[in-house]
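start24.cif follows (mmCIF, C-alpha atoms and all ligand atoms):
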```
data_protein
#
loop_
_atom_site.label_atom_id
_atom_site.label_comp_id
_atom_site.auth_asym_id
_atom_site.auth_seq_id
_atom_site.Cartn_x
_atom_site.Cartn_y
_atom_site.Cartn_z
CA MET A 25 -27.28 14.92 -11.32
CA THR A 26 -25.93 11.39 -11.58
CA ASN A 27 -28.48 8.85 -12.65
CA LEU A 28 -27.74 6.10 -10.19
CA SER A 29 -29.97 3.62 -11.95
CA ASN A 30 -27.68 3.83 -14.99
CA LYS A 31 -24.73 2.69 -12.97
CA LYS A 32 -23.32 -0.57 -14.08
CA LYS A 33 -22.42 -2.83 -11.22
CA THR A 34 -19.05 -4.50 -11.48
CA PRO A 35 -19.15 -7.50 -9.24
CA ILE A 36 -15.42 -7.86 -9.68
CA LEU A 37 -13.01 -7.78 -6.79
CA PRO A 38 -10.29 -5.15 -6.91
CA LYS A 39 -7.10 -6.75 -8.16
CA HIS A 40 -4.90 -4.47 -6.14
CA ILE A 41 -5.81 -2.86 -2.82
CA ALA A 42 -3.58 -0.18 -1.29
CA ILE A 43 -4.01 0.81 2.35
CA ILE A 44 -2.82 3.81 4.33
CA MET A 45 -2.95 2.27 7.80
CA ASP A 46 -3.57 5.36 9.90
CA GLY A 47 -4.76 5.97 13.45
CA ASN A 48 -2.49 3.82 15.64
CA GLY A 49 -1.41 6.78 17.75
CA ARG A 50 -4.97 7.96 18.36
CA TRP A 51 -6.07 4.42 19.19
CA ALA A 52 -3.45 4.35 21.95
CA LYS A 53 -4.20 7.88 23.12
CA GLN A 54 -7.88 7.09 23.56
CA ARG A 55 -6.83 4.33 25.95
CA MET A 56 -4.15 6.41 27.69
CA LEU A 57 -1.52 4.01 26.37
CA PRO A 58 1.84 4.90 24.81
CA ARG A 59 1.74 5.33 21.02
CA PHE A 60 3.91 2.28 20.64
CA MET A 61 1.08 0.07 21.87
CA GLY A 62 -1.12 1.45 19.12
CA HIS A 63 1.51 0.38 16.60
CA GLN A 64 1.66 -3.07 18.20
CA LYS A 65 -2.09 -3.43 17.88
CA GLY A 66 -1.73 -2.15 14.33
CA VAL A 67 0.51 -5.10 13.49
CA SER A 68 -2.17 -7.52 14.73
CA ALA A 69 -4.72 -5.81 12.48
CA LEU A 70 -2.28 -5.99 9.58
CA LYS A 71 -1.82 -9.76 9.97
CA LYS A 72 -5.58 -10.36 9.93
CA ILE A 73 -6.13 -8.16 6.87
CA VAL A 74 -3.30 -9.91 5.00
CA ALA A 75 -4.78 -13.33 5.79
CA HIS A 76 -8.23 -12.21 4.67
CA CYS A 77 -7.05 -10.66 1.40
CA SER A 78 -5.08 -13.81 0.65
CA GLU A 79 -8.14 -15.94 1.36
CA ILE A 80 -10.53 -13.99 -0.85
CA GLY A 81 -8.15 -13.97 -3.80
CA ILE A 82 -6.84 -10.41 -3.97
CA GLU A 83 -3.80 -10.31 -6.30
CA SER A 84 -1.86 -7.48 -4.66
CA LEU A 85 -2.08 -5.72 -1.33
CA SER A 86 0.09 -2.66 -0.70
CA LEU A 87 0.46 -1.45 2.86
CA PHE A 88 1.95 1.91 3.82
CA ALA A 89 4.07 1.15 6.87
CA PHE A 90 6.53 4.05 7.01
CA SER A 91 6.73 7.16 4.85
CA THR A 92 9.80 9.18 3.90
CA GLU A 93 8.26 11.89 6.08
CA ASN A 94 7.83 9.64 9.13
CA TRP A 95 11.57 10.07 10.00
CA GLN A 96 10.52 13.42 11.43
CA ARG A 97 8.70 11.70 14.29
CA PRO A 98 10.35 11.50 17.72
CA LYS A 99 13.45 9.29 17.62
CA ASP A 100 12.02 6.84 20.10
CA GLU A 101 8.87 6.29 18.03
CA VAL A 102 10.90 5.80 14.84
CA SER A 103 13.13 3.23 16.50
CA LYS A 104 10.12 1.36 17.93
CA LEU A 105 8.48 1.28 14.50
CA MET A 106 11.71 -0.10 13.03
CA SER A 107 11.85 -2.78 15.76
CA LEU A 108 8.31 -3.82 14.96
CA PHE A 109 9.17 -4.06 11.28
CA LEU A 110 12.22 -6.19 12.05
CA LYS A 111 10.17 -8.45 14.32
CA LEU A 112 7.61 -8.91 11.57
CA LEU A 113 10.35 -9.90 9.13
CA GLN A 114 11.87 -12.31 11.66
CA LYS A 115 8.66 -13.94 12.83
CA GLU A 116 6.05 -13.81 10.09
CA VAL A 117 7.85 -14.53 6.83
CA GLN A 118 7.80 -18.31 7.19
CA LYS A 119 4.03 -18.24 7.74
CA LEU A 120 3.53 -15.95 4.75
CA HIS A 121 5.61 -18.33 2.66
CA GLU A 122 3.52 -21.32 3.76
CA ASN A 123 0.45 -19.38 2.67
CA ASN A 124 1.92 -18.85 -0.81
CA VAL A 125 2.32 -15.08 -0.25
CA ARG A 126 5.02 -13.22 -2.20
CA LEU A 127 6.57 -10.45 -0.13
CA VAL A 128 7.88 -7.29 -1.76
CA ILE A 129 9.31 -4.28 0.07
CA ILE A 130 9.18 -0.92 -1.70
CA GLY A 131 10.80 2.38 -0.72
CA ASN A 132 14.34 3.54 -0.18
CA LYS A 133 15.74 0.51 1.60
CA SER A 134 19.28 1.86 1.83
CA ALA A 135 18.27 4.10 4.76
CA LEU A 136 17.01 1.12 6.78
CA SER A 137 19.32 -0.74 9.19
CA LYS A 138 21.66 -3.40 7.77
CA GLU A 139 19.82 -6.04 9.78
CA ILE A 140 16.45 -5.07 8.29
CA GLN A 141 17.97 -4.95 4.80
CA GLU A 142 19.37 -8.47 5.21
CA HIS A 143 16.00 -9.83 6.34
CA ILE A 144 14.29 -8.12 3.41
CA ILE A 145 16.64 -9.76 0.92
CA LYS A 146 16.08 -13.18 2.50
CA ALA A 147 12.30 -12.78 2.71
CA GLU A 148 11.95 -11.56 -0.87
CA TYR A 149 14.16 -14.38 -2.13
CA LEU A 150 12.31 -17.05 -0.14
CA THR A 151 8.86 -15.95 -1.33
CA ALA A 152 9.75 -14.80 -4.85
CA LYS A 153 8.12 -17.72 -6.63
CA ASN A 154 4.90 -17.77 -4.63
CA ASN A 155 1.87 -17.10 -6.78
CA GLY A 156 -0.79 -16.30 -4.19
CA LEU A 157 -1.21 -12.80 -2.78
CA THR A 158 1.60 -10.33 -3.47
CA LEU A 159 2.10 -8.34 -0.29
CA ASN A 160 3.88 -5.04 -0.86
CA ILE A 161 5.10 -3.27 2.24
CA ALA A 162 6.09 0.35 1.78
CA ALA A 163 8.91 1.16 4.17
CA ASN A 164 10.65 4.52 3.84
CA TYR A 165 8.46 5.05 0.81
CA GLY A 166 7.49 8.35 -0.79
CA GLY A 167 5.58 8.73 -4.04
CA ARG A 168 7.58 11.78 -5.14
CA LEU A 169 10.84 9.97 -4.48
CA ASP A 170 9.51 6.99 -6.45
CA ILE A 171 8.97 9.23 -9.50
CA ILE A 172 12.38 10.92 -9.22
CA SER A 173 14.12 7.54 -8.81
CA ALA A 174 12.28 6.19 -11.84
CA VAL A 175 13.47 9.09 -14.00
CA LYS A 176 17.05 8.51 -12.83
CA LYS A 177 16.85 4.78 -13.56
CA TRP A 178 15.39 5.46 -17.00
CA GLN A 179 18.23 7.87 -17.77
CA LYS A 180 20.83 5.34 -16.61
CA GLU A 181 19.30 2.65 -18.80
CA PHE A 182 19.06 4.94 -21.85
CA PRO A 183 21.97 7.39 -21.50
CA MET A 184 21.58 8.64 -25.07
CA ALA A 185 17.90 9.54 -24.62
CA THR A 186 16.80 13.11 -24.00
CA LEU A 187 13.91 14.29 -21.85
CA ASP A 188 11.89 14.79 -25.04
CA ASP A 189 11.91 11.01 -25.45
CA LEU A 190 10.33 10.44 -22.06
CA THR A 191 6.72 9.31 -22.06
CA GLU A 192 4.39 7.85 -19.42
CA GLU A 193 4.74 4.42 -21.02
CA LYS A 194 8.53 4.62 -20.99
CA LEU A 195 8.73 5.72 -17.37
CA SER A 196 6.17 3.24 -16.00
CA PRO A 197 8.47 0.18 -15.92
CA PHE A 198 10.88 2.04 -13.63
CA LEU A 199 8.31 2.86 -10.96
CA SER A 200 7.59 0.69 -7.94
CA LEU A 201 5.12 -2.15 -8.48
CA SER A 202 5.35 -1.91 -12.27
CA ASP A 203 5.06 -5.72 -12.50
CA GLN A 204 1.63 -5.65 -10.85
CA PRO A 205 -1.83 -4.36 -11.74
CA LEU A 206 -2.27 -0.71 -10.74
CA PRO A 207 -3.99 -0.22 -7.37
CA ASP A 208 -7.72 -0.01 -8.04
CA LEU A 209 -8.83 0.64 -4.49
CA LEU A 210 -7.15 2.88 -1.91
CA ILE A 211 -8.36 2.58 1.66
CA ARG A 212 -7.32 5.07 4.32
CA THR A 213 -8.32 4.49 7.91
CA GLY A 214 -8.22 6.97 10.77
CA GLY A 215 -10.58 9.57 9.34
CA GLU A 216 -8.07 11.65 7.38
CA GLN A 217 -8.81 12.14 3.71
CA ARG A 218 -5.43 12.58 2.09
CA ILE A 219 -2.90 10.57 0.14
CA SER A 220 0.20 11.52 2.22
CA ASN A 221 2.64 10.84 -0.64
CA PHE A 222 1.66 7.18 -1.12
CA LEU A 223 1.85 5.71 -4.66
CA ILE A 224 0.83 9.03 -6.20
CA TRP A 225 1.65 7.97 -9.76
CA GLN A 226 0.21 4.46 -9.50
CA MET A 227 -3.08 5.62 -7.95
CA ALA A 228 -4.00 8.11 -10.65
CA TYR A 229 -7.24 6.20 -11.25
CA ALA A 230 -7.72 4.33 -7.96
CA GLU A 231 -11.06 4.52 -6.20
CA PHE A 232 -10.67 6.12 -2.77
CA TYR A 233 -12.39 4.80 0.35
CA PHE A 234 -12.02 6.61 3.66
CA SER A 235 -12.91 4.98 6.95
CA ASP A 236 -13.22 6.69 10.33
CA GLU A 237 -12.12 3.50 12.03
CA LEU A 238 -8.65 3.64 13.55
CA TRP A 239 -6.29 1.10 11.99
CA PRO A 240 -6.08 -1.25 15.03
CA ASP A 241 -9.90 -1.58 14.88
CA PHE A 242 -10.03 -2.23 11.13
CA ASP A 243 -10.99 -5.85 10.51
CA LYS A 244 -12.32 -8.33 7.97
CA LYS A 245 -15.79 -6.82 8.05
CA SER A 246 -14.40 -3.33 7.54
CA ILE A 247 -12.39 -4.31 4.46
CA ASP A 248 -15.33 -6.26 3.03
CA LYS A 249 -17.37 -3.05 3.33
CA ALA A 250 -14.68 -1.13 1.44
CA ILE A 251 -14.60 -3.79 -1.26
CA GLU A 252 -18.36 -3.71 -1.54
CA SER A 253 -18.27 0.04 -1.99
CA PHE A 254 -15.69 -0.46 -4.75
CA THR A 255 -17.83 -2.99 -6.59
CA ASN A 256 -20.67 -0.46 -6.72
CA ARG A 257 -18.68 2.27 -8.38
CA GLU A 258 -18.54 3.10 -12.02
CA ARG A 259 -14.99 3.58 -13.24
CA ARG A 260 -14.97 5.80 -16.27
CA PHE A 261 -11.27 6.53 -16.85
CA GLY A 262 -12.15 9.80 -18.57
CA LYS A 263 -14.88 8.35 -20.76
CA THR A 264 -18.62 8.96 -20.52
CA SER A 265 -20.95 6.71 -18.59
CA GLU A 266 -22.58 5.64 -21.88
CA GLN A 267 -19.26 4.58 -23.36
CA VAL A 268 -18.40 2.56 -20.27
CA ASN A 269 -21.77 0.81 -20.26
CA GLN A 270 -21.53 -0.09 -23.95
CA CYS A 271 -18.80 -2.64 -23.47
C1 LIG B 301 -0.11 5.13 11.34
O1 LIG B 301 -0.60 5.54 12.56
C2 LIG B 301 1.19 4.39 11.47
C3 LIG B 301 2.36 5.09 10.93
C4 LIG B 301 2.38 6.24 10.35
C5 LIG B 301 3.61 4.38 11.04
P1 LIG B 301 -0.18 6.93 13.18
O2 LIG B 301 0.99 6.72 14.08
O3 LIG B 301 0.00 7.96 12.15
O4 LIG B 301 -1.47 7.25 14.05
P2 LIG B 301 -2.09 8.68 14.33
O5 LIG B 301 -2.39 9.31 13.01
O6 LIG B 301 -1.09 9.46 15.12
O7 LIG B 301 -3.33 8.37 15.12
C1 LIG B 302 0.75 8.12 6.47
O1 LIG B 302 0.31 8.38 7.75
C2 LIG B 302 1.93 7.19 6.50
C3 LIG B 302 1.66 5.83 6.96
C4 LIG B 302 0.51 5.31 7.25
C5 LIG B 302 2.83 5.02 7.05
P1 LIG B 302 0.74 9.70 8.54
O2 LIG B 302 0.03 9.67 9.83
O3 LIG B 302 2.22 9.80 8.58
O4 LIG B 302 0.18 10.84 7.58
P2 LIG B 302 -0.14 12.38 7.86
O5 LIG B 302 1.08 12.97 8.47
O6 LIG B 302 -1.29 12.42 8.81
O7 LIG B 302 -0.49 12.95 6.53
MG MG B 303 -1.25 9.34 11.31
#
```

As structure tokens, please, write out the structure in this file.
Amino acid sequence: MTNLSNKKKTPILPKHIAIIMDGNGRWAKQRMLPRFMGHQKGVSALKKIVAHCSEIGIESLSLFAFSTENWQRPKDEVSKLMSLFLKLLQKEVQKLHENNVRLVIIGNKSALSKEIQEHIIKAEYLTAKNNGLTLNIAANYGGRLDIISAVKKWQKEFPMATLDDLTEEKLSPFLSLSDQPLPDLLIRTGGEQRISNFLIWQMAYAEFYFSDELWPDFDKKSIDKAIESFTNRERRFGKTSEQVNQC
């Protein structure tokens, strides 16, 4: 049995929080509204969570907005999600910039519309030098694809290398978010307890926090609760509790 009294409290904030924003559809269904309205409400929740994380000094926040698997949803839902993403890029970037937020979009951008791609380039360029919160939005992102792309990039960079040369350290720089601390806290809303192909490499040692709240209901208080849970955990990274508490 775990001796809870031995647990060392780490009153440190997570440097990098990753969130699987799930439950928009169910939020709408409960209210007999179209799914799209759940996504709209989800965007409002997203804006508040971004502002809060920026205020409390989180270094990186990674939000899962659209997975490589989400293309399989009905066409109409996909196109509405894309419109919402475009609107966010058109209307919110200036405000993010004023708040010193650096915006980064990860995922396979080439499958997104030209218009979205152009806005992404502009937004990333405009905010590139900001040193407040780094906001990573995962759009058409898949963790497996991330790993495969990294291997391909590594091979292109080192054409003479063989697979025997490949190590975790050598591959890491080619994966998404390699310039940032690894996610230390993963939050998933909506009651499901799965990773759904999000940042599978990067989250090898993230602490998981699952909330039954649907994403549109998730607010400041909810994320503070998740952060508090994180600060009470002992991260051992394969070592023993005694080793961790020695340092
Ligand atoms: C998450 O909410 C948003 C996206 C996947 C884009 P869902 O749309 O998955 O909501 P549920 O899971 O159907 O309630
Ligand atoms: C994960 O949610 C993807 C995003 C939040 C963008 P899903 O609702 O697509 O995940 P599954 O299908 O329930 O695993
Ligand atoms: Mg879902």

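Note that atom CA of A:Leu199 and atom CA of A:Ala75 are 26.7 Å apart.
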
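Atom pair atom CA of A:Lys39 / atom CA of A:Glu193: separated by 20.7 Å.
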
I'd like the contact shell of stretch 156-172 of chain A - 8 Å cut-off, all atoms listed in the file, skipping same-chain residues fewer than 5 positions apart - returned as JSON, numbers by chain.
{"A": [74, 77, 78, 81, 82, 83, 84, 85, 86, 87, 88, 89, 90, 91, 92, 93, 94, 123, 124, 125, 126, 127, 128, 129, 130, 131, 132, 133, 135, 136, 199, 200, 221, 222, 223, 224, 225]}

Around ligand LIG 301 (chain B), out to 10 Å and counting all atoms listed in the file, which residues are there? I want them as a PyMOL selection string.
chain A and resi 44-54+59-60+62-63+66-67+88-91+93-95+97+101-102+104-106+163+213-216+220+238-240

Restricting it to C-alpha atoms, dump the selection as a JSON list (two decimals), in the frame of the given file.
```json
[["chain", "number", "residue", "atom", "x", "y", "z"],
["A", 44, "ILE", "CA", -2.82, 3.81, 4.33],
["A", 45, "MET", "CA", -2.95, 2.27, 7.80],
["A", 46, "ASP", "CA", -3.57, 5.36, 9.90],
["A", 47, "GLY", "CA", -4.76, 5.97, 13.45],
["A", 48, "ASN", "CA", -2.49, 3.82, 15.64],
["A", 49, "GLY", "CA", -1.41, 6.78, 17.75],
["A", 50, "ARG", "CA", -4.97, 7.96, 18.36],
["A", 51, "TRP", "CA", -6.07, 4.42, 19.19],
["A", 52, "ALA", "CA", -3.45, 4.35, 21.95],
["A", 53, "LYS", "CA", -4.20, 7.88, 23.12],
["A", 54, "GLN", "CA", -7.88, 7.09, 23.56],
["A", 59, "ARG", "CA", 1.74, 5.33, 21.02],
["A", 60, "PHE", "CA", 3.91, 2.28, 20.64],
["A", 62, "GLY", "CA", -1.12, 1.45, 19.12],
["A", 63, "HIS", "CA", 1.51, 0.38, 16.60],
["A", 66, "GLY", "CA", -1.73, -2.15, 14.33],
["A", 67, "VAL", "CA", 0.51, -5.10, 13.49],
["A", 88, "PHE", "CA", 1.95, 1.91, 3.82],
["A", 89, "ALA", "CA", 4.07, 1.15, 6.87],
["A", 90, "PHE", "CA", 6.53, 4.05, 7.01],
["A", 91, "SER", "CA", 6.73, 7.16, 4.85],
["A", 93, "GLU", "CA", 8.26, 11.89, 6.08],
["A", 94, "ASN", "CA", 7.83, 9.64, 9.13],
["A", 95, "TRP", "CA", 11.57, 10.07, 10.00],
["A", 97, "ARG", "CA", 8.70, 11.70, 14.29],
["A", 101, "GLU", "CA", 8.87, 6.29, 18.03],
["A", 102, "VAL", "CA", 10.90, 5.80, 14.84],
["A", 104, "LYS", "CA", 10.12, 1.36, 17.93],
["A", 105, "LEU", "CA", 8.48, 1.28, 14.50],
["A", 106, "MET", "CA", 11.71, -0.10, 13.03],
["A", 163, "ALA", "CA", 8.91, 1.16, 4.17],
["A", 213, "THR", "CA", -8.32, 4.49, 7.91],
["A", 214, "GLY", "CA", -8.22, 6.97, 10.77],
["A", 215, "GLY", "CA", -10.58, 9.57, 9.34],
["A", 216, "GLU", "CA", -8.07, 11.65, 7.38],
["A", 220, "SER", "CA", 0.20, 11.52, 2.22],
["A", 238, "LEU", "CA", -8.65, 3.64, 13.55],
["A", 239, "TRP", "CA", -6.29, 1.10, 11.99],
["A", 240, "PRO", "CA", -6.08, -1.25, 15.03]]
```

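What separates atom CA of A:Lys249 from atom CA of A:Val268 is a distance of 24.3 Å.
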
Restricting to all atoms listed in the file, whichever of A:Gln217, A:Phe232, A:Asn269, A:Ile247 is closest to ligand MG 303 (chain B) is A:Gln217

Let me have the centre and edge lengths of the axis-aligned box enclosing all listed atoms of stretch 204-218 of chain A with 3 Å padding on every side, in Å to one decimal, as AutoDock Vina command-line options.
```
--center_x -4.5 --center_y 3.5 --center_z -0.5 --size_x 18.2 --size_y 24.2 --size_z 28.5
```

Non-local contacts of A:Ala185 (12 Å; all atoms listed in the file; under 5 positions in same chain excluded) as a list in words:
Val175, Lys176, Trp178, Gln179, Lys180, Leu190, Thr191 and Lys194 of chain A

Pull C-alpha atoms from the residues just selected and write them as a PDB file, in the frame of the given file.
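Result file follows (result.pdb):
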```
ATOM      1  CA  VAL A 175      13.470   9.090 -14.000  1.00  0.00           C
ATOM      2  CA  LYS A 176      17.050   8.510 -12.830  1.00  0.00           C
ATOM      3  CA  TRP A 178      15.390   5.460 -17.000  1.00  0.00           C
ATOM      4  CA  GLN A 179      18.230   7.870 -17.770  1.00  0.00           C
ATOM      5  CA  LYS A 180      20.830   5.340 -16.610  1.00  0.00           C
ATOM      6  CA  LEU A 190      10.330  10.440 -22.060  1.00  0.00           C
ATOM      7  CA  THR A 191       6.720   9.310 -22.060  1.00  0.00           C
ATOM      8  CA  LYS A 194       8.530   4.620 -20.990  1.00  0.00           C
TER       9      LYS A 194
END
```

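Nearest to A:Phe109 of all the residues A:Ser173, A:Asn154, A:Gln96, A:Gln141 is A:Gln141, counting only C-alpha atoms.
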
For ligand LIG 302 (chain B), which residue among A:Ile219, A:Ser235, A:Thr186, A:Leu112 is the nearest when counting only C-alpha atoms and all ligand atoms?
A:Ile219

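Checking A:Lys111, A:His40, A:Lys119, A:Lys138 one by one against A:Met227, counting all atoms listed in the file, you find the shortest gap at A:His40.
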
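Between A:Arg260 and the candidates A:Asp236, A:Ile140, A:Tyr229, A:Glu181, the tightest atom-to-atom separation, counting all atoms listed in the file, involves A:Tyr229.
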
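Candidate residues A:Arg55, A:His121, A:Arg218, A:Lys153 were compared for distance to ligand MG 303 (chain B), and the nearest is A:Arg218, using only C-alpha atoms and all ligand atoms.
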